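Trainee: See my_file27.cif below, with mmCIF, C-alpha atoms.
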data_upload
#
loop_
_atom_site.label_atom_id
_atom_site.label_comp_id
_atom_site.auth_asym_id
_atom_site.auth_seq_id
_atom_site.Cartn_x
_atom_site.Cartn_y
_atom_site.Cartn_z
CA MET E 75 156.39 148.52 131.24
CA LYS E 76 158.52 145.76 129.78
CA ILE E 77 162.29 145.88 130.09
CA PHE E 78 164.60 144.92 127.23
CA VAL E 79 168.31 144.24 127.75
CA ILE E 80 170.53 144.20 124.66
CA ASN E 81 173.12 141.44 124.92
CA LEU E 82 175.52 139.76 122.49
CA GLY E 83 175.44 135.97 122.40
CA ARG E 84 179.19 135.89 123.03
CA GLU E 85 178.86 137.96 126.22
CA PRO E 86 177.27 135.59 128.78
CA GLN E 87 179.09 137.24 131.68
CA ARG E 88 177.35 140.52 130.97
CA LEU E 89 173.98 138.81 130.79
CA HIS E 90 174.61 137.02 134.09
CA ARG E 91 175.48 140.33 135.74
CA MET E 92 172.34 142.04 134.42
CA ALA E 93 170.21 139.10 135.59
CA SER E 94 171.72 139.51 139.05
CA LEU E 95 171.07 143.28 139.10
CA PHE E 96 167.47 142.97 137.97
CA GLY E 97 166.97 140.06 140.34
CA GLU E 98 168.02 142.31 143.23
CA LEU E 99 165.47 144.85 142.02
CA GLY E 100 162.76 142.21 141.80
CA LEU E 101 162.18 142.98 138.11
CA ASP E 102 162.01 140.74 135.06
CA PHE E 103 163.55 141.58 131.70
CA ILE E 104 163.57 140.29 128.16
CA ARG E 105 166.94 139.59 126.59
CA MET E 106 167.17 141.21 123.17
CA PRO E 107 169.84 139.35 121.16
CA ALA E 108 172.22 142.01 119.90
CA VAL E 109 173.23 142.23 116.26
CA ASP E 110 176.89 141.21 116.23
CA GLY E 111 179.05 143.56 114.18
CA ARG E 112 181.41 140.67 113.46
CA ASP E 113 178.66 139.09 111.38
CA LEU E 114 178.20 142.20 109.26
CA ALA E 115 180.21 143.50 106.35
CA ASP E 116 182.74 146.22 107.11
CA ARG E 117 180.09 148.73 106.14
CA TYR E 118 176.33 148.27 106.33
CA GLY E 119 174.70 148.24 102.93
CA SER E 120 176.66 149.29 99.88
CA GLY E 121 179.86 151.15 100.61
CA ALA E 122 180.89 153.69 103.24
CA ARG E 123 178.29 155.45 105.35
CA LYS E 124 179.28 159.08 105.84
CA GLY E 125 178.02 160.37 109.15
CA MET E 126 178.20 163.73 110.88
CA TYR E 127 181.42 162.83 112.66
CA TYR E 128 182.95 159.66 111.17
CA ASP E 129 182.12 156.59 109.11
CA LEU E 130 180.33 153.87 111.04
CA GLY E 131 182.21 150.65 111.64
CA SER E 132 180.52 147.27 111.88
CA GLY E 133 180.29 147.41 115.68
CA GLU E 134 178.49 150.77 115.65
CA ILE E 135 176.16 149.47 112.97
CA GLY E 136 175.43 146.35 115.00
CA CYS E 137 174.67 148.53 118.03
CA PHE E 138 172.25 150.69 116.03
CA LEU E 139 170.51 147.64 114.57
CA SER E 140 170.17 146.17 118.06
CA HIS E 141 168.33 149.29 119.25
CA ILE E 142 166.13 149.14 116.14
CA LYS E 143 165.11 145.62 117.21
CA CYS E 144 164.10 147.02 120.59
CA TRP E 145 162.13 149.89 119.01
CA ASP E 146 160.32 147.40 116.81
CA ALA E 147 159.37 145.34 119.86
CA ALA E 148 158.32 148.44 121.83
CA ALA E 149 156.20 149.70 118.93
CA LYS E 150 154.21 146.45 119.02
CA GLU E 151 153.78 146.23 122.80
CA GLU E 152 150.45 146.93 124.46
CA ALA E 153 152.19 148.93 127.17
CA LYS E 154 152.58 152.62 126.39
CA TYR E 155 156.18 152.70 127.66
CA ASN E 156 159.06 150.24 127.58
CA ALA E 157 162.60 150.48 128.96
CA ILE E 158 165.73 149.64 126.97
CA PHE E 159 169.11 148.90 128.53
CA GLU E 160 172.55 148.00 127.27
CA ASP E 161 174.26 145.34 129.34
CA ASP E 162 176.98 147.41 131.03
CA ILE E 163 174.76 149.63 133.15
CA HIS E 164 174.92 150.45 136.86
CA PHE E 165 171.84 151.45 138.87
CA GLY E 166 171.42 154.14 141.48
CA ALA E 167 169.01 154.06 144.40
CA GLY E 168 165.30 153.78 143.70
CA ALA E 169 165.53 152.14 140.28
CA ARG E 170 162.81 149.64 141.09
CA GLU E 171 160.24 152.33 141.84
CA LEU E 172 160.89 154.13 138.56
CA LEU E 173 160.77 151.00 136.43
CA ALA E 174 157.81 149.35 138.13
CA ASP E 175 155.47 152.33 137.63
CA ALA E 176 155.08 154.52 134.53
CA SER E 177 152.69 157.05 136.07
CA TRP E 178 155.49 159.60 136.60
CA ILE E 179 156.38 159.82 132.89
CA PRO E 180 155.22 163.08 131.24
CA ALA E 181 152.28 162.43 128.90
CA ASP E 182 154.05 163.91 125.86
CA ALA E 183 157.31 162.01 126.34
CA ASP E 184 158.68 160.07 123.38
CA VAL E 185 161.92 159.22 125.20
CA VAL E 186 163.05 159.55 128.81
CA LYS E 187 166.79 159.28 129.28
CA LEU E 188 167.63 157.41 132.50
CA GLU E 189 171.42 157.60 132.33
CA THR E 190 174.11 160.24 132.42
CA THR E 191 177.47 160.26 130.69
CA LEU E 192 178.64 163.10 132.96
CA VAL E 193 179.13 165.54 130.09
CA ARG E 194 177.77 169.08 130.19
CA THR E 195 174.38 169.51 128.60
CA LEU E 196 171.27 171.68 128.77
CA VAL E 197 168.10 170.79 130.64
CA ASP E 198 165.13 172.89 131.65
CA ARG E 199 165.51 174.43 135.08
CA GLY E 200 161.87 173.69 135.81
CA SER E 201 160.75 170.12 136.36
CA ALA E 202 157.94 168.70 134.19
CA ALA E 203 157.36 165.81 136.60
CA ARG E 204 158.80 164.03 139.62
CA ALA E 205 160.14 160.49 139.64
CA GLY E 206 160.39 159.77 143.34
CA ASP E 207 162.92 162.28 144.64
CA ARG E 208 164.22 163.04 141.14
CA SER E 209 163.25 165.67 138.61
CA VAL E 210 162.17 164.93 135.05
CA ARG E 211 163.33 167.78 132.83
CA ARG E 212 163.27 168.46 129.08
CA LEU E 213 166.62 167.71 127.50
CA ARG E 214 167.73 170.63 125.33
CA ASP E 215 171.20 169.75 124.05
CA THR E 216 173.50 166.87 123.20
CA HIS E 217 173.76 164.15 125.83
CA PRO E 218 175.26 161.01 124.26
CA GLY E 219 174.77 157.44 125.43
CA THR E 220 172.01 154.88 124.88
CA GLY E 221 172.73 152.72 127.91
CA ALA E 222 169.35 153.27 129.57
CA TYR E 223 166.19 154.99 128.38
CA ILE E 224 162.43 154.62 128.28
CA VAL E 225 160.66 154.89 124.95
CA SER E 226 156.95 155.34 124.36
CA ARG E 227 155.11 153.26 121.78
CA LYS E 228 154.65 156.44 119.73
CA GLY E 229 158.32 157.35 120.12
CA ALA E 230 159.42 153.88 119.03
CA ARG E 231 157.39 154.23 115.84
CA LYS E 232 158.99 157.59 115.13
CA LEU E 233 162.46 156.17 115.67
CA LEU E 234 161.77 153.25 113.35
CA GLU E 235 160.54 155.56 110.61
CA LEU E 236 163.48 157.95 110.92
CA SER E 237 166.21 155.29 111.09
CA THR E 238 165.58 153.50 107.80
CA ASP E 239 168.82 154.96 106.41
CA PHE E 240 171.00 155.81 109.41
CA ALA E 241 174.58 156.99 109.11
CA ASP E 242 175.55 158.01 112.65
CA PRO E 243 175.97 156.26 116.02
CA VAL E 244 172.63 155.54 117.66
CA ASP E 245 173.29 157.88 120.61
CA GLN E 246 174.05 160.81 118.28
CA PHE E 247 170.97 159.93 116.23
CA MET E 248 168.77 160.09 119.32
CA PHE E 249 170.39 162.73 121.51
CA ASN E 250 172.05 165.33 119.29
CA PRO E 251 170.13 168.43 118.11
CA VAL E 252 171.64 168.24 114.61
CA SER E 253 170.13 164.79 114.08
CA VAL E 254 166.93 164.35 112.08
CA ALA E 255 165.40 162.52 115.05
CA TRP E 256 165.86 165.35 117.54
CA ASN E 257 163.14 167.68 116.23
CA ALA E 258 160.70 164.79 115.88
CA LEU E 259 161.06 163.62 119.47
CA THR E 260 160.08 165.03 122.85
CA ILE E 261 162.95 163.95 125.11
CA TYR E 262 163.17 164.15 128.89
CA GLN E 263 166.05 163.55 131.29
CA VAL E 264 165.78 162.02 134.76
CA ASP E 265 167.86 164.27 137.01
CA PRO E 266 169.84 163.05 138.90
CA ALA E 267 170.19 160.11 136.55
CA ILE E 268 169.43 156.68 137.89
CA CYS E 269 171.85 154.83 135.58
CA VAL E 270 175.42 155.16 134.38
CA GLN E 271 177.47 152.94 132.08
CA GLU E 272 180.62 151.12 133.13
CA VAL E 273 182.65 152.97 130.50
CA VAL E 274 181.84 156.22 132.34
CA VAL E 275 182.64 155.19 135.91
CA GLY E 276 184.64 151.94 135.86
CA LYS E 277 182.78 151.05 139.03
CA ASP E 278 183.49 147.41 139.76
CA GLY E 279 185.60 144.37 139.00
CA PHE E 280 183.76 143.80 135.73
CA ALA E 281 185.61 146.73 134.13
CA ASP E 282 187.52 144.61 131.60
CA ALA E 283 184.51 142.46 130.73
CA LEU E 284 182.28 145.51 130.36
CA ALA E 285 184.68 147.66 128.39
CA SER E 286 182.95 149.12 125.35
CA GLY E 287 183.55 147.09 122.21
CA LEU E 288 183.06 150.24 120.14
CA LYS E 289 185.98 152.30 121.44
CA HIS E 290 188.32 151.10 118.71
CA GLU E 291 185.87 152.28 116.03
CA ARG E 292 185.63 155.84 117.33
CA PRO E 293 188.33 158.29 116.26
CA VAL E 294 190.75 159.46 118.94
CA GLN E 295 191.00 163.22 119.18
CA GLU E 296 194.56 164.43 118.84
CA LYS E 297 195.95 166.37 121.79
CA VAL E 298 196.67 170.02 121.17
CA ARG E 299 199.95 171.51 122.31
CA GLY E 300 201.74 174.80 122.75
CA ALA E 301 199.93 178.06 122.07
CA GLU E 302 196.80 176.32 120.83
CA LYS E 303 196.54 174.42 124.10
CA LEU E 304 197.01 177.60 126.13
CA MET E 305 194.31 179.42 124.16
CA LYS E 306 191.86 176.57 124.70
CA GLU E 307 192.58 176.49 128.43
CA VAL E 308 191.93 180.24 128.65
CA ALA E 309 188.77 180.10 126.52
CA ARG E 310 187.22 177.08 128.26
CA PRO E 311 186.06 178.76 131.51
CA LEU E 312 184.86 181.81 129.55
CA GLY E 313 182.82 179.56 127.29
CA ARG E 314 181.31 177.76 130.26
CA LEU E 315 180.40 181.06 131.91
CA ALA E 316 178.74 182.32 128.71
CA ALA E 317 176.85 179.06 128.31
CA SER E 318 175.62 179.19 131.92
CA ILE E 319 174.44 182.80 131.59
CA GLY E 320 172.66 182.08 128.30
CA ALA E 321 171.00 178.98 129.73
CA SER E 322 169.80 180.87 132.80
CA LEU E 323 168.22 183.57 130.65
CA ARG E 324 166.30 180.86 128.75
CA GLY E 325 165.09 179.15 131.92
CA GLN E 326 167.54 176.30 131.43
CA ARG E 327 170.53 174.88 133.27
CA TRP E 328 173.94 174.15 131.75
CA GLY E 329 175.99 171.49 133.48
CA LYS E 330 176.49 167.80 134.16
CA VAL E 331 173.59 165.53 135.02
CA ARG E 332 174.63 163.80 138.23
CA PHE E 333 174.35 160.07 138.93
CA ARG E 334 172.86 159.00 142.22
#
With the file now loaded, output its structure as structure tokens.

Mentor:
Amino acid sequence: MKIFVINLGREPQRLHRMASLFGELGLDFIRMPAVDGRDLADRYGSGARKGMYYDLGSGEIGCFLSHIKCWDAAAKEEAKYNAIFEDDIHFGAGARELLADASWIPADADVVKLETTLVRTLVDRGSAARAGDRSVRRLRDTHPGTGAYIVSRKGARKLLELSTDFADPVDQFMFNPVSVAWNALTIYQVDPAICVQEVVVGKDGFADALASGLKHERPVQEKVRGAEKLMKEVARPLGRLAASIGASLRGQRWGKVRFR
């Protein structure tokens, strides 16, 4: 499979870091020039774009358009599968084996998510395939993040067709069950994940350089206080218990996808 790395022209430090990481893995990649939100109007197209959660800013739009460029390239490739990375990713052990050989990918996969954002989600308890010492499970609920994933040629074509008039962040478009793309795609999750983004772990000295440029565009949730806070703290473990029991009855597992 070919590997695409999305990188802004004004972020050479990120590109240098990714070149070093892939060099250590003995893998080549193709730089995909990112669409710079600074070069776009405040809103893509004519007027505000009302999404499920908030209006997209120019940075989010640029990010989505950058992934569309990758899908377009993947849809035209001879290889059945291609990997797409954002340029702030960290790798776990065994990344080379997964990326150098596509034989482990389930035949019906449109997308295989390689990363985790360490949020709770639903995956099948049973494994559809093995990727080295990792499981490959169907993803059944929201798991945001588009830092690292594999897309099939067929999946790339579906994504291109469904994204002609997008209004939400690309990760919600791909990995949220309320999105139009969700029901059209067969999505798997590598578990434990082999990638994690810097914004999730803050793993090395590149933290400032790799900080997400989209954070300022995403609304900050107001903190709850007083009785409302107490009620939420009481309800949270009960909700988790109910979710775990329900998932178990459906042959699924509710929890965080680990990074290793």

Trainee: Atom CA of E:Val210 and atom CA of E:Lys150, how far apart in Å?

Mentor: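 Computed distance, atom CA of E:Lys150 to atom CA of E:Val210, equals 25.7 Å.
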
Trainee: Taking the file above as input, evaluate the PyMOL selection byres ((chain E and resi 176) around 10) and report the hits as a list in words.

Mentor: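 Given this file, the PyMOL selection byres ((chain E and resi 176) around 10) evaluates to Met75, Ala153, Lys154, Tyr155, Asn156, Glu171, Leu172, Leu173, Ala174, Asp175, Ser177, Trp178, Ile179, Pro180, Ala205 and Ile224 of chain E.
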
Trainee: Could you state which residues are captured by the PyMOL selection byres ((chain E and resi 242-257) around 10) in this file, as a ChimeraX atom specification?

Mentor: /E:123-131,133-142,185,187,213-221,232-233,235-237,239-241,258-261,292

Trainee: Hey, which of E:Asp207, E:Lys76, E:Trp328, E:Ala183 ends up closest to E:Glu152? Count all atoms listed in the file.

Mentor: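 The answer is E:Lys76, which sits nearest to E:Glu152.
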
Trainee: Would you list the residues near (171.0, 136.8, 125.3) (no more than 12 Å away, in the coordinates of the file, using only C-alpha atoms) as a VMD selection string?

Mentor: chain E and resid 78 to 93 103 to 110 140 160 to 161

Trainee: For E:Pro266, list every protein, DNA or RNA residue within 12 Å, evaluated using all atoms listed in the file, and leave out those in the same chain fewer than 6 positions away; present the list as a PDB file with C-alpha atoms, in the coordinates of the input.

Mentor:
ATOM      1  CA  PHE E 165     171.840 151.450 138.870  1.00  0.00           C
ATOM      2  CA  GLY E 166     171.420 154.140 141.480  1.00  0.00           C
ATOM      3  CA  ALA E 167     169.010 154.060 144.400  1.00  0.00           C
ATOM      4  CA  GLY E 168     165.300 153.780 143.700  1.00  0.00           C
ATOM      5  CA  ALA E 169     165.530 152.140 140.280  1.00  0.00           C
ATOM      6  CA  LYS E 187     166.790 159.280 129.280  1.00  0.00           C
ATOM      7  CA  LEU E 188     167.630 157.410 132.500  1.00  0.00           C
ATOM      8  CA  GLU E 189     171.420 157.600 132.330  1.00  0.00           C
ATOM      9  CA  THR E 190     174.110 160.240 132.420  1.00  0.00           C
ATOM     10  CA  THR E 191     177.470 160.260 130.690  1.00  0.00           C
ATOM     11  CA  LEU E 192     178.640 163.100 132.960  1.00  0.00           C
ATOM     12  CA  VAL E 197     168.100 170.790 130.640  1.00  0.00           C
ATOM     13  CA  SER E 201     160.750 170.120 136.360  1.00  0.00           C
ATOM     14  CA  ARG E 204     158.800 164.030 139.620  1.00  0.00           C
ATOM     15  CA  ALA E 205     160.140 160.490 139.640  1.00  0.00           C
ATOM     16  CA  GLY E 206     160.390 159.770 143.340  1.00  0.00           C
ATOM     17  CA  ASP E 207     162.920 162.280 144.640  1.00  0.00           C
ATOM     18  CA  ARG E 208     164.220 163.040 141.140  1.00  0.00           C
ATOM     19  CA  SER E 209     163.250 165.670 138.610  1.00  0.00           C
ATOM     20  CA  VAL E 210     162.170 164.930 135.050  1.00  0.00           C
ATOM     21  CA  ARG E 211     163.330 167.780 132.830  1.00  0.00           C
ATOM     22  CA  GLY E 329     175.990 171.490 133.480  1.00  0.00           C
ATOM     23  CA  LYS E 330     176.490 167.800 134.160  1.00  0.00           C
ATOM     24  CA  VAL E 331     173.590 165.530 135.020  1.00  0.00           C
ATOM     25  CA  ARG E 332     174.630 163.800 138.230  1.00  0.00           C
ATOM     26  CA  PHE E 333     174.350 160.070 138.930  1.00  0.00           C
ATOM     27  CA  ARG E 334     172.860 159.000 142.220  1.00  0.00           C
TER      28      ARG E 334
END

Trainee: Expressed in Å to a single decimal, how great is the separation between atom CA of E:Gly200 and atom CA of E:Ile268?

Mentor: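 We find that atom CA of E:Gly200 and atom CA of E:Ile268 lie 18.7 Å from each other.
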
Trainee: Smallest atom-to-atom distance to E:Ala181: which of E:Gly229, E:Lys143, E:Asp198, E:Ile163, using all atoms listed in the file?

Mentor: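 Closest to E:Ala181, using all atoms listed in the file: E:Gly229.
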
Trainee: Listed atoms of stretch 153-164 of chain E, axis-aligned box, 4 Å per side: centre and edge lengths to one decimal in Å, as JSON?

Mentor:
{"center_x": 164.6, "center_y": 149.0, "center_z": 131.6, "size_x": 32.8, "size_y": 15.4, "size_z": 18.5}
